[in-house]
$ cat upload.cif   # mmCIF, C-alpha atoms
data_target
#
loop_
_atom_site.label_atom_id
_atom_site.label_comp_id
_atom_site.auth_asym_id
_atom_site.auth_seq_id
_atom_site.Cartn_x
_atom_site.Cartn_y
_atom_site.Cartn_z
CA MET A 279 37.05 -11.69 -33.48
CA ARG A 280 38.71 -14.90 -34.59
CA LEU A 281 40.16 -14.94 -38.10
CA HIS A 282 38.47 -18.27 -38.71
CA SER A 283 35.10 -16.48 -38.74
CA LEU A 284 36.20 -14.38 -41.74
CA ILE A 285 36.47 -17.36 -44.11
CA PRO A 286 35.89 -17.10 -47.11
CA THR A 287 36.59 -13.34 -47.04
CA ILE A 288 40.11 -14.46 -46.25
CA PRO A 289 41.13 -17.80 -47.85
CA GLY A 290 41.03 -20.72 -45.43
CA ASP A 291 44.61 -21.80 -46.19
CA ILE A 292 45.90 -18.30 -45.32
CA VAL A 293 43.95 -18.32 -42.05
CA ALA A 294 45.40 -21.76 -41.19
CA VAL A 295 48.96 -20.55 -41.79
CA LEU A 296 48.39 -17.42 -39.68
CA GLU A 297 46.89 -19.46 -36.83
CA ALA A 298 49.88 -21.83 -36.95
CA CYS A 299 52.09 -18.79 -36.30
CA GLY A 300 49.99 -17.71 -33.30
CA ILE A 301 47.94 -15.08 -35.18
CA ARG A 302 44.40 -16.21 -34.37
CA THR A 303 42.35 -13.03 -33.90
CA ASP A 304 41.88 -9.66 -35.57
CA ALA A 305 43.85 -8.03 -32.76
CA ASP A 306 46.76 -10.40 -33.35
CA LEU A 307 46.87 -9.52 -37.05
CA LEU A 308 46.41 -5.78 -36.63
CA PHE A 309 48.68 -5.17 -33.64
CA SER A 310 51.41 -7.85 -33.82
CA GLY A 311 53.57 -5.73 -36.10
CA SER A 312 53.67 -4.37 -39.62
CA PRO A 313 52.71 -6.55 -42.62
CA ILE A 314 56.42 -6.99 -43.32
CA ASP A 315 57.03 -8.26 -39.76
CA ILE A 316 54.16 -10.74 -40.06
CA LEU A 317 55.29 -11.87 -43.53
CA GLN A 318 58.71 -12.74 -42.12
CA ARG A 319 57.03 -15.09 -39.60
CA LEU A 320 55.19 -16.99 -42.33
CA PRO A 321 56.61 -19.83 -44.45
CA PRO A 322 58.16 -18.52 -47.72
CA GLY A 323 55.87 -18.24 -50.74
CA VAL A 324 52.57 -18.65 -48.84
CA VAL A 325 51.33 -15.14 -49.55
CA SER A 326 52.69 -12.01 -51.17
CA LEU A 327 53.18 -8.75 -49.28
CA ALA A 328 50.50 -7.04 -51.39
CA ASP A 329 47.97 -9.79 -50.65
CA LEU A 330 48.79 -9.75 -46.92
CA LYS A 331 48.22 -5.99 -46.83
CA ALA A 332 44.89 -6.49 -48.62
CA TYR A 333 43.79 -9.20 -46.16
CA THR A 334 44.85 -6.99 -43.23
CA ALA A 335 42.75 -4.16 -44.63
CA LEU A 336 39.75 -6.50 -44.93
CA VAL A 337 40.16 -7.59 -41.30
CA ALA A 338 40.40 -3.97 -40.16
CA ASP A 339 37.25 -3.10 -42.12
CA ASN A 340 35.27 -5.98 -40.60
CA ALA A 341 36.50 -5.17 -37.08
CA SER A 342 35.70 -1.46 -37.27
CA ALA A 343 32.46 0.12 -36.12
CA ARG A 344 30.53 1.70 -38.93
CA GLY A 345 30.45 5.48 -38.79
CA ILE A 346 27.18 7.37 -38.55
CA ARG A 347 26.52 11.07 -38.84
CA GLY A 348 25.30 12.92 -35.79
CA ASP A 349 22.11 14.17 -37.42
CA ALA A 350 21.25 10.66 -38.62
CA LEU A 351 21.85 9.25 -35.13
CA TYR A 352 19.64 11.99 -33.65
CA THR A 353 16.85 11.15 -36.11
CA VAL A 354 17.06 7.46 -35.21
CA GLU A 355 16.85 8.28 -31.51
CA LEU A 356 13.79 10.51 -32.02
CA GLN A 357 12.10 7.73 -33.97
CA ARG A 358 12.92 5.22 -31.23
CA GLN A 359 11.52 7.49 -28.54
CA HIS A 360 8.36 8.02 -30.55
CA ALA A 361 7.92 4.27 -31.05
CA TYR A 362 8.35 3.56 -27.32
CA HIS A 363 6.49 6.62 -26.05
CA THR A 364 4.13 5.84 -23.19
CA ASP A 365 1.85 8.38 -21.57
CA LEU A 366 2.57 7.38 -17.98
CA THR A 367 0.59 9.36 -15.41
CA CYS A 368 -0.81 8.98 -11.91
CA GLY A 369 -4.12 10.72 -12.60
CA VAL A 370 -3.46 13.64 -10.26
CA ASP A 371 -2.98 16.42 -12.79
CA GLU A 372 -1.01 18.65 -10.43
CA LEU A 373 1.53 15.94 -9.60
CA ASP A 374 1.82 14.80 -13.22
CA ALA A 375 2.60 18.41 -14.16
CA LEU A 376 5.30 18.73 -11.48
CA VAL A 377 7.30 15.78 -12.87
CA ASN A 378 6.25 16.15 -16.53
CA GLY A 379 4.72 12.68 -16.41
CA PHE A 380 6.36 9.49 -15.16
CA GLY A 381 7.60 8.20 -18.53
CA GLY A 382 10.61 9.18 -20.56
CA GLY A 383 13.07 6.48 -19.50
CA ARG A 384 13.63 7.79 -15.96
CA VAL A 385 14.13 6.42 -12.45
CA PHE A 386 11.82 7.89 -9.79
CA GLU A 387 12.40 7.64 -6.05
CA ILE A 388 9.15 7.71 -4.05
CA SER A 389 9.69 8.29 -0.35
CA GLY A 390 7.67 9.29 2.70
CA ASP A 391 6.54 8.05 6.10
CA ARG A 392 4.12 5.20 6.63
CA GLY A 393 0.63 6.16 5.51
CA SER A 394 1.83 8.89 3.16
CA GLY A 395 0.58 7.05 0.06
CA LYS A 396 3.79 5.67 -1.49
CA THR A 397 2.48 2.25 -2.48
CA LEU A 398 -0.88 3.69 -3.54
CA LEU A 399 0.89 6.15 -5.85
CA VAL A 400 3.05 3.55 -7.60
CA SER A 401 0.08 1.15 -7.79
CA GLN A 402 -2.11 3.75 -9.44
CA ILE A 403 0.59 4.64 -11.98
CA ALA A 404 1.13 0.97 -12.83
CA LEU A 405 -2.56 0.09 -13.11
CA ARG A 406 -3.39 3.17 -15.22
CA LEU A 407 -0.61 2.16 -17.61
CA LEU A 408 -1.97 -1.37 -17.94
CA ALA A 409 -5.53 -0.11 -18.43
CA THR A 410 -4.47 2.27 -21.21
CA TYR A 411 -2.02 0.14 -23.21
CA LYS A 412 -3.08 -3.41 -23.99
CA GLU A 413 0.46 -4.46 -25.00
CA ALA A 414 2.11 -3.08 -21.86
CA SER A 415 3.08 -5.14 -18.84
CA VAL A 416 4.52 -4.20 -15.45
CA LEU A 417 7.17 -5.97 -13.38
CA TRP A 418 6.56 -5.48 -9.66
CA MET A 419 9.37 -6.48 -7.28
CA ASP A 420 7.87 -7.11 -3.83
CA THR A 421 10.79 -7.06 -1.39
CA ALA A 422 8.82 -7.56 1.84
CA GLY A 423 5.92 -9.84 0.87
CA ALA A 424 3.55 -6.90 1.36
CA PHE A 425 1.87 -6.82 -2.06
CA SER A 426 -1.90 -6.82 -1.55
CA VAL A 427 -3.90 -8.63 -4.21
CA GLU A 428 -7.20 -7.50 -2.68
CA ARG A 429 -6.23 -3.82 -2.63
CA THR A 430 -5.02 -4.07 -6.23
CA ARG A 431 -8.27 -5.72 -7.30
CA GLN A 432 -10.27 -2.92 -5.66
CA MET A 433 -8.21 -0.26 -7.45
CA VAL A 434 -8.75 -1.99 -10.79
CA GLN A 435 -12.51 -1.61 -10.34
CA HIS A 436 -12.08 2.18 -10.50
CA LEU A 437 -10.11 2.09 -13.76
CA TYR A 438 -11.44 2.99 -17.16
CA GLY A 439 -9.71 2.04 -20.40
CA GLU A 440 -9.91 -0.26 -23.37
CA SER A 441 -7.58 -2.74 -21.68
CA SER A 442 -8.86 -2.57 -18.09
CA SER A 443 -10.30 -6.10 -18.23
CA THR A 444 -6.83 -7.67 -18.64
CA VAL A 445 -4.90 -5.49 -16.20
CA LEU A 446 -4.18 -8.18 -13.60
CA GLU A 447 -3.03 -10.64 -16.30
CA ARG A 448 -0.21 -8.26 -17.28
CA LEU A 449 0.92 -7.36 -13.77
CA GLN A 450 3.92 -9.58 -12.99
CA VAL A 451 4.62 -9.71 -9.25
CA SER A 452 7.85 -11.31 -8.04
CA LEU A 453 8.93 -11.85 -4.45
CA VAL A 454 12.49 -10.48 -4.26
CA LEU A 455 14.14 -10.84 -0.86
CA ASN A 456 17.77 -10.01 -1.65
CA ILE A 457 19.91 -8.04 -4.07
CA GLU A 458 21.10 -11.15 -5.91
CA THR A 459 17.55 -12.12 -6.84
CA ALA A 460 16.84 -8.56 -7.98
CA ARG A 461 19.92 -8.57 -10.22
CA ALA A 462 18.97 -11.90 -11.75
CA LEU A 463 15.45 -10.67 -12.45
CA LEU A 464 16.75 -7.51 -14.11
CA GLU A 465 19.22 -9.51 -16.21
CA ASP A 466 16.40 -11.76 -17.43
CA LEU A 467 14.33 -8.68 -18.28
CA GLU A 468 17.23 -7.09 -20.12
CA SER A 469 17.83 -10.27 -22.11
CA SER A 470 14.17 -10.44 -23.16
CA LEU A 471 14.13 -6.77 -24.17
CA THR A 472 17.34 -7.21 -26.17
CA ALA A 473 16.00 -10.30 -27.93
CA ASN A 474 12.75 -8.51 -28.81
CA PRO A 475 13.60 -4.82 -29.34
CA LEU A 476 10.44 -3.97 -31.29
CA PRO A 477 7.73 -1.98 -29.50
CA GLY A 478 4.89 -4.34 -28.72
CA HIS A 479 3.97 -6.56 -25.81
CA ARG A 480 6.75 -5.79 -23.36
CA VAL A 481 7.48 -4.53 -19.88
CA ARG A 482 7.12 -0.73 -19.81
CA LEU A 483 7.39 -0.15 -16.05
CA VAL A 484 9.33 -1.69 -13.17
CA VAL A 485 8.27 -1.11 -9.55
CA ILE A 486 10.56 -1.90 -6.60
CA ASP A 487 8.66 -1.75 -3.30
CA SER A 488 10.78 -1.14 -1.44
CA VAL A 489 14.41 -0.72 -2.47
CA THR A 490 15.38 -0.09 1.16
CA SER A 491 14.96 -3.77 2.01
CA LEU A 492 17.39 -4.72 -0.77
CA LEU A 493 20.17 -2.20 -0.16
CA ALA A 494 20.08 -1.27 3.53
CA PRO A 495 21.51 -4.60 4.82
CA SER A 496 24.71 -4.02 2.82
CA LEU A 497 25.36 -0.45 4.00
CA SER A 498 27.85 0.08 6.78
CA ALA A 499 29.53 3.04 8.44
CA VAL A 500 32.90 1.25 8.43
CA SER A 501 32.98 -0.13 4.87
CA SER A 502 32.35 1.25 1.39
CA HIS A 503 31.38 -2.13 -0.03
CA GLY A 504 27.66 -1.61 0.55
CA HIS A 505 27.77 1.83 -1.01
CA ALA A 506 29.44 0.34 -4.09
CA ILE A 507 26.68 -2.28 -4.34
CA MET A 508 24.02 0.44 -4.09
CA THR A 509 25.69 2.65 -6.69
CA THR A 510 26.21 -0.18 -9.17
CA PHE A 511 22.63 -1.39 -8.78
CA MET A 512 21.08 2.06 -9.27
CA GLN A 513 23.34 2.85 -12.23
CA HIS A 514 22.13 -0.38 -13.81
CA LEU A 515 18.54 0.81 -13.39
CA ARG A 516 19.29 4.14 -15.03
CA SER A 517 21.13 2.44 -17.89
CA MET A 518 18.18 0.12 -18.53
CA ALA A 519 15.72 3.02 -18.31
CA ARG A 520 17.53 4.88 -21.06
CA SER A 521 18.45 1.94 -23.26
CA TYR A 522 14.98 0.38 -23.31
CA HIS A 523 12.84 3.44 -22.53
CA LEU A 524 11.60 1.94 -19.27
CA ALA A 525 10.25 3.76 -16.24
CA PHE A 526 11.39 2.69 -12.77
CA LEU A 527 9.43 3.56 -9.62
CA VAL A 528 11.62 2.89 -6.60
CA VAL A 529 9.96 3.14 -3.17
CA ASN A 530 12.31 4.19 -0.37
CA ASN A 531 11.72 4.27 3.37
CA THR A 532 12.70 7.17 5.64
CA SER A 533 15.14 8.11 8.37
CA ALA A 534 15.37 10.99 10.85
CA SER A 535 16.68 14.38 9.75
CA PRO A 536 16.89 16.62 12.83
CA PRO A 537 16.14 19.44 13.23
CA ARG A 538 14.61 19.57 9.70
CA ASN A 539 15.18 18.33 6.17
CA PRO A 540 17.01 21.05 4.19
CA LEU A 541 15.70 19.65 0.88
CA SER A 542 12.12 20.37 1.90
CA ALA A 543 10.28 23.65 1.45
CA PHE A 544 8.44 22.98 4.72
CA LEU A 545 9.98 23.70 8.12
CA LEU A 546 8.08 20.83 9.77
CA THR A 547 9.68 18.13 7.59
CA VAL A 548 11.92 16.28 10.04
CA ARG A 549 12.33 13.07 8.03
CA LYS A 550 14.30 12.28 4.87
CA PRO A 551 14.65 9.39 2.40
CA ALA A 552 16.67 6.47 3.72
CA LEU A 553 19.90 4.99 2.27
CA GLY A 554 22.03 8.12 2.73
CA PRO A 555 22.39 11.46 0.96
CA SER A 556 24.09 10.03 -2.14
CA PHE A 557 21.10 7.86 -3.05
CA THR A 558 19.15 10.94 -4.14
CA PHE A 559 21.74 11.59 -6.86
CA LEU A 560 21.37 8.05 -8.25
CA THR A 561 17.82 8.71 -9.46
CA ASP A 562 16.28 11.22 -11.85
CA CYS A 563 13.62 12.52 -9.50
CA THR A 564 12.88 12.26 -5.77
CA ILE A 565 9.24 12.65 -4.72
CA TRP A 566 8.45 13.08 -1.02
CA LEU A 567 4.93 12.27 0.16
CA ALA A 568 3.46 13.42 3.47
CA ARG A 569 0.03 13.31 5.04
CA HIS A 570 -1.37 16.74 5.80
CA GLU A 571 -1.84 17.08 9.55
CA ASP A 572 -4.81 19.44 9.26
CA THR A 573 -7.59 16.98 8.40
CA THR A 574 -10.45 18.59 10.32
CA ASN A 575 -12.32 19.56 7.12
CA THR A 576 -11.77 16.45 5.08
CA GLU A 577 -14.66 14.21 4.13
CA ALA A 578 -15.19 10.83 5.73
CA GLY A 579 -12.87 8.30 4.16
CA SER A 580 -10.59 10.95 2.66
CA SER A 581 -7.21 12.36 3.65
CA ILE A 582 -5.17 15.26 2.28
CA HIS A 583 -1.55 14.63 1.28
CA VAL A 584 1.36 16.69 -0.01
CA ALA A 585 3.70 15.62 -2.83
CA GLU A 586 6.98 17.53 -2.89
CA ILE A 587 9.80 17.34 -5.45
CA PHE A 588 13.05 17.24 -3.48
CA LYS A 589 15.25 16.87 -6.56
CA SER A 590 14.65 16.51 -10.29
CA ARG A 591 16.96 16.45 -13.29
CA SER A 592 14.30 17.59 -15.75
CA THR A 593 11.86 19.74 -13.77
CA ARG A 594 11.99 22.27 -10.94
CA SER A 595 13.00 21.07 -7.48
CA ARG A 596 11.42 22.24 -4.20
CA THR A 597 7.98 22.43 -5.77
CA TRP A 598 4.89 20.77 -4.33
CA CYS A 599 1.19 20.10 -4.74
CA THR A 600 -1.63 18.60 -2.69
CA PHE A 601 -3.83 15.62 -3.47
CA LYS A 602 -6.32 13.50 -1.62
CA ILE A 603 -6.80 9.81 -1.10
CA HIS A 604 -10.40 8.66 -1.09
CA SER A 605 -11.29 4.97 -0.78
CA GLY A 606 -7.76 3.96 -1.75
CA ILE A 607 -7.62 6.14 -4.90
CA LEU A 608 -5.46 9.23 -5.48
CA LEU A 609 -7.45 12.24 -6.69
CA SER A 610 -6.91 15.92 -7.28
CA VAL A 611 -8.15 17.96 -4.34
CA THR A 612 -10.66 19.70 -6.59
CA VAL A 613 -12.20 16.46 -7.85
CA PRO A 614 -15.44 15.51 -6.06
CA GLU A 615 -15.86 11.96 -4.78
#
$ encode --input "upload.cif" --output "structure tokens"
Amino acid sequence: MRLHSLIPTIPGDIVAVLEACGIRTDADLLFSGSPIDILQRLPPGVVSLADLKAYTALVADNASARGIRGDALYTVELQRQHAYHTDLTCGVDELDALVNGFGGGRVFEISGDRGSGKTLLVSQIALRLLATYKEASVLWMDTAGAFSVERTRQMVQHLYGESSSTVLERLQVSLVLNIETARALLEDLESSLTANPLPGHRVRLVVIDSVTSLLAPSLSAVSSHGHAIMTTFMQHLRSMARSYHLAFLVVNNTSASPPRNPLSAFLLTVRKPALGPSFTFLTDCTIWLARHEDTTNTEAGSSIHVAEIFKSRSTRSRTWCTFKIHSGILLSVTVPE
């Protein structure tokens, strides 16, 4: 902090004399020596030692962070969480129970093979949010140009809520083809949330489909640079989730895990989330989706799927549930079409 900004708390003529002696900031005044040392550098008769000590104390007071009691800080945080609380669910009661809902300022990794229901799951969570909260909006980062407007429109037709008619108006889809564009988009979002911290019309959920396309090109077996990029990017997501009470749904592709995936409760799981073993520890929860192979008894147009929690910071890991997909909508297995 420049001393000039403290005028008239400190007289302008005193600030001018200090700046002429090379003391231009609060750090210069507080750490350049004792008041006696600084007084010896000033022209005689400009200021008394008592006044210089008083001005130094004023600078220290303005430069110091105000103290706050722990219980008061805790109360403020509870009030903030209550103000930003969003009931974020997918509509499959069993899966919502496994993760204790998808809100709470967390980063979720959604992984699974093609056809397992990853994009349908994140789409249903996003659209249910928009249908329930009229002031909520969703930022969707499409990293492969695969976002389907027609499929989204069809899903909206199955939604019920007081704000379902304006769902598509509040779904912001951005084509993001590289990590630099993703960073810029997140910085713009962070700036807007900082400028308007009050709960109201704001982004409540960010979807990245898929994060693999952003981070995989940088990863290398011979260099740690790509891993550093991945770690920094994911830590930024977690910081934003906590600071602004956002939810992040990050879709991740898969890679082979012979002979089986040790994180899974099922012996037949031979795939794992992509981007390496450390990526799992950069999120709050990893959800693995798989299509059930035994589909002989399923109805026409329906398929049975398994959602498994590989890792979670707030709920039990290695737990699972089943759900079905009927006409592009996720449903509990017990719910009739």
$ residues_around --input "upload.cif" --residues "stretch 583-597 of chain A" --least-positions-apart "4" --cutoff "10 Å" --atoms "only C-alpha atoms" --output "count of residues only"
43
$ residues_around --input "upload.cif" --residues "stretch 459-464 of chain A" --least-positions-apart "5" --cutoff "12 Å" --atoms "all atoms listed in the file" --output "PyMOL selection string"
chain A and resi 417-421+450-454+469-471+481+484-489+491-493+507-508+510-512+514-519+524+526
$ write_last_selection --input "upload.cif" --atoms "C-alpha atoms" --output "CSV table (one decimal), in the frame of the given file"
chain,number,residue,atom,x,y,z
A,417,LEU,CA,7.2,-6.0,-13.4
A,418,TRP,CA,6.6,-5.5,-9.7
A,419,MET,CA,9.4,-6.5,-7.3
A,420,ASP,CA,7.9,-7.1,-3.8
A,421,THR,CA,10.8,-7.1,-1.4
A,450,GLN,CA,3.9,-9.6,-13.0
A,451,VAL,CA,4.6,-9.7,-9.2
A,452,SER,CA,7.8,-11.3,-8.0
A,453,LEU,CA,8.9,-11.8,-4.4
A,454,VAL,CA,12.5,-10.5,-4.3
A,469,SER,CA,17.8,-10.3,-22.1
A,470,SER,CA,14.2,-10.4,-23.2
A,471,LEU,CA,14.1,-6.8,-24.2
A,481,VAL,CA,7.5,-4.5,-19.9
A,484,VAL,CA,9.3,-1.7,-13.2
A,485,VAL,CA,8.3,-1.1,-9.6
A,486,ILE,CA,10.6,-1.9,-6.6
A,487,ASP,CA,8.7,-1.8,-3.3
A,488,SER,CA,10.8,-1.1,-1.4
A,489,VAL,CA,14.4,-0.7,-2.5
A,491,SER,CA,15.0,-3.8,2.0
A,492,LEU,CA,17.4,-4.7,-0.8
A,493,LEU,CA,20.2,-2.2,-0.2
A,507,ILE,CA,26.7,-2.3,-4.3
A,508,MET,CA,24.0,0.4,-4.1
A,510,THR,CA,26.2,-0.2,-9.2
A,511,PHE,CA,22.6,-1.4,-8.8
A,512,MET,CA,21.1,2.1,-9.3
A,514,HIS,CA,22.1,-0.4,-13.8
A,515,LEU,CA,18.5,0.8,-13.4
A,516,ARG,CA,19.3,4.1,-15.0
A,517,SER,CA,21.1,2.4,-17.9
A,518,MET,CA,18.2,0.1,-18.5
A,519,ALA,CA,15.7,3.0,-18.3
A,524,LEU,CA,11.6,1.9,-19.3
A,526,PHE,CA,11.4,2.7,-12.8
$ residues_around --input "upload.cif" --residues "A:Ser443" --least-positions-apart "4" --cutoff "10 Å" --atoms "only C-alpha atoms" --output "list in words"
Leu408, Ala409, Lys412, Val434, Gln435, Leu437, Tyr438, Gly439 and Glu447 of chain A
$ closest_residue --input "upload.cif" --among "A:Thr367, A:Ser580, A:Asn456, A:Ser605" --to "A:Val400" --atoms "all atoms listed in the file"
A:Thr367
$ residues_around --input "upload.cif" --residues "A:Phe309" --least-positions-apart "6" --cutoff "12 Å" --atoms "only C-alpha atoms" --output "list in words"
Ile301, Arg302, Thr303, Asp315, Ile316, Thr334, Val337 and Ala338 of chain A
$ closest_residue --input "upload.cif" --among "A:Ser610, A:Gln402, A:Thr444, A:Thr430" --to "A:Ser415" --atoms "all atoms listed in the file"
A:Thr444
$ closest_residue --input "upload.cif" --among "A:Arg429, A:Arg406, A:Arg319, A:His523" --to "A:Leu296" --atoms "only C-alpha atoms"
A:Arg319
$ atom_distance --input "upload.cif" --atom1 "atom CA of A:Glu413" --atom2 "atom CA of A:Val354"
22.8 Å
$ atom_distance --input "upload.cif" --atom1 "atom CA of A:Ala534" --atom2 "atom CA of A:Gly606"
27.3 Å
$ closest_residue --input "upload.cif" --among "A:Ile457, A:Val529, A:Met433, A:Ala414" --to "A:His363" --atoms "only C-alpha atoms"
A:Ala414
$ resolve_selection --input "upload.cif" --expression "the PyMOL selection byres ((chain A and resi 279-286) around 7)" --output "PyMOL selection string"
chain A and resi 287-290+293+302-304
